Amino acid sequence: MEPRPISALPKAHLHLHFTGSMRHTTLVELATEHGIHLPDALVVDWPPKLRATDERGWFRFQRLYDIARSVLQTEQDLRRLLLEAAEDEATEGSGWLEIQVDPSGYAHRFGGLTPTMELVLDAAREAEAATGVGVGVIIAANRTKHPLDAKTLARLAAGYAGRGVVGFGLSNDERRGRAYDFEGAFRIARRAGLLSDPHGGELQGPGSVRECLDTLEADRIGHGVRAVEDPRLVERIAARGVILEVCPTSNISLGVAASAEDVPVRRLFEAGVPMALGADDPLLFGSRLARQYELAREVYGFSDAELAELARQSIRGSAAPSDTQKRLLEGIDTWLTADAHGSSQSP
């Protein structure tokens with residue numbers, strides 16, 4: 001039997017950054033419209049050749065990201081970005097998207113933190129209505145900034161809990177800010193009922209993951225793949241049911257893994273660690289969510305039943321409403337009982 005189409009498998013996307021979700025064509029169009037010069041790495045040499053395992057490499061990655069962010073000049077630009085992100089999710093079979101944004105990166109242009117969040121959340125509602133893809137927002141602090149800035153963002157996130165904001169995150173270079181320093185901000189967010197979703201175990205090893213677990217009481221961890229360097233830590237993650245948001249293409253592009261075969265998707269899965277595959281920053285890495293599932297099939301040898309379980313884990317680990325989760329989980333069962341052409345088969 002032909003492989004079932006990945007795009008027809010219902011799934012949730014839990015690791016996608018705001019600017020990084022932009023279509024490459026949109027980046028080029030907006031840059032032209034606003035008179036912004038893009039470096040060759042974002043035009044003729046796209047996707048750029050990246051490596052972030054040293055400080056210089058991370059600086060180049062962040063510089064390209066900041067240039068991409070600069071093309072988002074107007075409210076309509078932000079609305080376009082979110083609409084297109086949701087459209088792309090729908091095309092790839094994702095029924096729920098959690099997009100991560102640091103509003104302080106846009107606040108100077110849109111009147112401050114609160115007006116920026118109002119705009120993002122309104123754009124998310126519009127995108128959801130237009131595409132049928134549910135959209136939740138994770139407000140993320142930048143670990144290279146002062147922990148007091150993170151507390152400000154945590155209070156902002158808490159104010160929108162239940163109104164579109166579903167979690168609080170911590171991103172950027174792990175080597176420049178320990179999770180320990182941000183415990184106060186995450187405490188504010190947890191008290192508001194938000195998911196704790198810091199990055200960890202990408203550019204640093206198991207110690208970074210342990211801090212996310214023990215200090216930030218993580219419900220999910222962005223990346224977390226280097227936990228495999230400590231088998232006992234992997235056992236803890238599995239026992240606690242903490243979801244790792246694993247982004248294979250990102251890990252390869254940034255040099256966290258030397259090749260697709262070196263990303264420990266199969267090892268984590270067989271150890272009982274729940275995972276949600278993610279695309280991280282498609283604008284810079286050149287592939288979206290469906291490609292991560294294709295890698296699971298092609299490189300890690302996942303059967304359709306195992307792919308279905310990966311999709312279930314992404315949905316169960318999400319902040320999607322219960323009725324949305326139920327609908328998507330039922331869709332996975334339907335996908336498994338259909339052949340590659342969509343015809344029903346007896347289980």
# chains A, B, ... in the order shown; residues from 1 in each chain; ligands from 1
>>> residues_around(residues="range 250-260 of chain A", least_positions_apart="2", cutoff="10 Å", atoms="only C-alpha atoms", output="ChimeraX atom specification")
/A:47-54,57-58,61,201-204,223,225-226,246-248,262-265,278-282,284-287,292,295-296,299-300
>>> closest_atom_pairs(of="range 302-346 of chain A", to="range 84-99 of chain A", cutoff="10 Å", atoms="only C-alpha atoms", output="Markdown table")
| residue | atom | partner | partner_atom | distance |
| --- | --- | --- | --- | --- |
| A:Ala311 | CA | A:Ser94 | CA | 9.4 |
| A:Ser314 | CA | A:Trp96 | CA | 9.5 |
| A:Ile315 | CA | A:Trp96 | CA | 7.9 |
| A:Ser318 | CA | A:Glu98 | CA | 7.9 |
| A:Ala319 | CA | A:Glu98 | CA | 8.2 |
| A:Ala320 | CA | A:Trp96 | CA | 6.8 |
| A:Pro321 | CA | A:Trp96 | CA | 9.6 |
| A:Thr324 | CA | A:Trp96 | CA | 8.0 |
| A:Gln325 | CA | A:Trp96 | CA | 8.7 |
| A:Arg327 | CA | A:Gly95 | CA | 9.2 |
| A:Leu328 | CA | A:Gly95 | CA | 6.9 |
>>> write_last_selection(atoms="N, CA, C and O atoms", output="PDB file, in the first residue's frame")
ATOM      1  N   ALA A 311       1.440  12.420  16.182  1.00  0.00           N
ATOM      2  CA  ALA A 311       0.419  13.453  16.009  1.00  0.00           C
ATOM      3  C   ALA A 311      -0.479  13.537  17.240  1.00  0.00           C
ATOM      4  O   ALA A 311      -0.835  14.634  17.683  1.00  0.00           O
ATOM      5  N   SER A 314       1.232  15.457  19.970  1.00  0.00           N
ATOM      6  CA  SER A 314       1.231  16.905  19.739  1.00  0.00           C
ATOM      7  C   SER A 314      -0.099  17.518  20.155  1.00  0.00           C
ATOM      8  O   SER A 314      -0.134  18.621  20.722  1.00  0.00           O
ATOM      9  N   ILE A 315      -1.170  16.831  19.912  1.00  0.00           N
ATOM     10  CA  ILE A 315      -2.500  17.346  20.244  1.00  0.00           C
ATOM     11  C   ILE A 315      -2.729  17.305  21.748  1.00  0.00           C
ATOM     12  O   ILE A 315      -3.201  18.278  22.351  1.00  0.00           O
ATOM     13  N   SER A 318      -0.990  20.030  23.651  1.00  0.00           N
ATOM     14  CA  SER A 318      -1.342  21.396  23.284  1.00  0.00           C
ATOM     15  C   SER A 318      -2.306  22.003  24.293  1.00  0.00           C
ATOM     16  O   SER A 318      -2.820  21.334  25.184  1.00  0.00           O
ATOM     17  N   ALA A 319      -2.555  23.288  24.110  1.00  0.00           N
ATOM     18  CA  ALA A 319      -3.552  23.996  24.907  1.00  0.00           C
ATOM     19  C   ALA A 319      -4.864  24.120  24.150  1.00  0.00           C
ATOM     20  O   ALA A 319      -5.721  24.931  24.516  1.00  0.00           O
ATOM     21  N   ALA A 320      -5.055  23.313  23.118  1.00  0.00           N
ATOM     22  CA  ALA A 320      -6.286  23.368  22.327  1.00  0.00           C
ATOM     23  C   ALA A 320      -7.489  23.018  23.192  1.00  0.00           C
ATOM     24  O   ALA A 320      -7.396  22.162  24.081  1.00  0.00           O
ATOM     25  N   PRO A 321      -8.633  23.649  22.946  1.00  0.00           N
ATOM     26  CA  PRO A 321      -9.856  23.297  23.683  1.00  0.00           C
ATOM     27  C   PRO A 321     -10.178  21.819  23.520  1.00  0.00           C
ATOM     28  O   PRO A 321      -9.796  21.190  22.525  1.00  0.00           O
ATOM     29  N   THR A 324     -11.741  20.690  20.259  1.00  0.00           N
ATOM     30  CA  THR A 324     -10.777  20.678  19.155  1.00  0.00           C
ATOM     31  C   THR A 324      -9.883  19.444  19.244  1.00  0.00           C
ATOM     32  O   THR A 324      -9.635  18.768  18.233  1.00  0.00           O
ATOM     33  N   GLN A 325      -9.408  19.138  20.439  1.00  0.00           N
ATOM     34  CA  GLN A 325      -8.588  17.941  20.609  1.00  0.00           C
ATOM     35  C   GLN A 325      -9.359  16.689  20.209  1.00  0.00           C
ATOM     36  O   GLN A 325      -8.824  15.822  19.503  1.00  0.00           O
ATOM     37  N   ARG A 327     -11.867  16.369  18.118  1.00  0.00           N
ATOM     38  CA  ARG A 327     -12.057  16.321  16.669  1.00  0.00           C
ATOM     39  C   ARG A 327     -10.773  15.891  15.964  1.00  0.00           C
ATOM     40  O   ARG A 327     -10.808  15.053  15.047  1.00  0.00           O
ATOM     41  N   LEU A 328      -9.652  16.435  16.379  1.00  0.00           N
ATOM     42  CA  LEU A 328      -8.388  16.091  15.731  1.00  0.00           C
ATOM     43  C   LEU A 328      -7.984  14.649  16.014  1.00  0.00           C
ATOM     44  O   LEU A 328      -7.482  13.944  15.126  1.00  0.00           O
TER      45      LEU A 328
END
>>> select_by_dssp(residues="range 126-202 of chain A", states="helix (DSSP H, G or I)", output="number ranges by chain")
A: 126-131, 147-159, 174-176, 179-191
>>> atom_distance(atom1="CA of Ala218 in chain A", atom2="CA of Asp197 in chain A")
5.8 Å
>>> closest_residue(among="A:Glu29, A:Asp102, A:Glu309, A:Asp333", to="Gly169 in chain A", atoms="only C-alpha atoms")
A:Asp102
>>> select_by_dssp(residues="range 94-278 of chain A", states="strand (DSSP E)", output="ChimeraX atom specification")
/A:94-101,134-142,165-171,195-200,220-223,243-246,275-277
>>> residues_around(residues="Phe269 in chain A", least_positions_apart="2", cutoff="10 Å", atoms="only C-alpha atoms", output="PDB file with N, CA and C atoms, in the first residue's frame")
ATOM      1  N   ALA A 238      10.133  11.277  30.632  1.00  0.00           N
ATOM      2  CA  ALA A 238       9.069  10.345  30.256  1.00  0.00           C
ATOM      3  C   ALA A 238       8.098  10.122  31.402  1.00  0.00           C
ATOM      4  N   PRO A 264      17.799  12.716  17.760  1.00  0.00           N
ATOM      5  CA  PRO A 264      17.381  11.487  18.452  1.00  0.00           C
ATOM      6  C   PRO A 264      15.870  11.277  18.547  1.00  0.00           C
ATOM      7  N   VAL A 265      15.177  11.459  17.444  1.00  0.00           N
ATOM      8  CA  VAL A 265      13.716  11.311  17.455  1.00  0.00           C
ATOM      9  C   VAL A 265      13.324   9.890  17.830  1.00  0.00           C
ATOM     10  N   ARG A 266      13.937   8.916  17.177  1.00  0.00           N
ATOM     11  CA  ARG A 266      13.592   7.512  17.445  1.00  0.00           C
ATOM     12  C   ARG A 266      13.961   7.123  18.872  1.00  0.00           C
ATOM     13  N   ARG A 267      15.105   7.544  19.337  1.00  0.00           N
ATOM     14  CA  ARG A 267      15.541   7.182  20.700  1.00  0.00           C
ATOM     15  C   ARG A 267      14.589   7.746  21.747  1.00  0.00           C
ATOM     16  N   ALA A 271      11.948   5.651  24.193  1.00  0.00           N
ATOM     17  CA  ALA A 271      12.128   5.807  25.645  1.00  0.00           C
ATOM     18  C   ALA A 271      10.840   6.277  26.331  1.00  0.00           C
ATOM     19  N   GLY A 272       9.800   6.495  25.542  1.00  0.00           N
ATOM     20  CA  GLY A 272       8.518   6.892  26.115  1.00  0.00           C
ATOM     21  C   GLY A 272       8.363   8.386  26.349  1.00  0.00           C
ATOM     22  N   VAL A 273       9.237   9.193  25.745  1.00  0.00           N
ATOM     23  CA  VAL A 273       9.145  10.644  25.886  1.00  0.00           C
ATOM     24  C   VAL A 273       8.103  11.178  24.908  1.00  0.00           C
ATOM     25  N   PRO A 274       7.086  11.875  25.397  1.00  0.00           N
ATOM     26  CA  PRO A 274       6.115  12.460  24.468  1.00  0.00           C
ATOM     27  C   PRO A 274       6.737  13.608  23.695  1.00  0.00           C
ATOM     28  N   MET A 275       6.419  13.685  22.407  1.00  0.00           N
ATOM     29  CA  MET A 275       7.030  14.683  21.548  1.00  0.00           C
ATOM     30  C   MET A 275       5.985  15.389  20.693  1.00  0.00           C
ATOM     31  N   PHE A 302       9.600   5.586  11.017  1.00  0.00           N
ATOM     32  CA  PHE A 302       8.308   5.542  11.701  1.00  0.00           C
ATOM     33  C   PHE A 302       7.245   4.951  10.776  1.00  0.00           C
ATOM     34  N   GLU A 306       2.959   4.773  14.090  1.00  0.00           N
ATOM     35  CA  GLU A 306       3.832   5.582  14.948  1.00  0.00           C
ATOM     36  C   GLU A 306       3.704   7.060  14.620  1.00  0.00           C
ATOM     37  N   GLU A 309       0.756   8.254  16.329  1.00  0.00           N
ATOM     38  CA  GLU A 309       0.988   8.472  17.763  1.00  0.00           C
ATOM     39  C   GLU A 309       1.743   9.784  18.000  1.00  0.00           C
ATOM     40  N   LEU A 310       2.694  10.115  17.139  1.00  0.00           N
ATOM     41  CA  LEU A 310       3.367  11.411  17.248  1.00  0.00           C
ATOM     42  C   LEU A 310       2.349  12.550  17.137  1.00  0.00           C
TER      43      LEU A 310
END
>>> residues_around(residues="Asn172 in chain A", least_positions_apart="5", cutoff="10 Å", atoms="only C-alpha atoms", output="list in words")
Trp58, Gln62, Ala140, Ala141, Asn142, Arg143, Thr144, Lys145, Gly177, His199, Gly200 and Leu203 of chain A
>>> residues_around(residues="Thr26 in chain A", least_positions_apart="6", cutoff="10 Å", atoms="only C-alpha atoms", output="PyMOL selection string")
chain A and resi 32+71+77+80-81+84+283
>>> closest_residue(among="A:Pro198, A:Gly159, A:Gly112, A:Pro103", to="Ser171 in chain A", atoms="only C-alpha atoms")
A:Pro198
>>> atom_distance(atom1="CA of Val165 in chain A", atom2="CA of Val120 in chain A")
10.2 Å
>>> closest_residue(among="A:Asp219, A:Asp45, A:Asp230, A:Asp40", to="Val166 in chain A", atoms="only C-alpha atoms")
A:Asp219
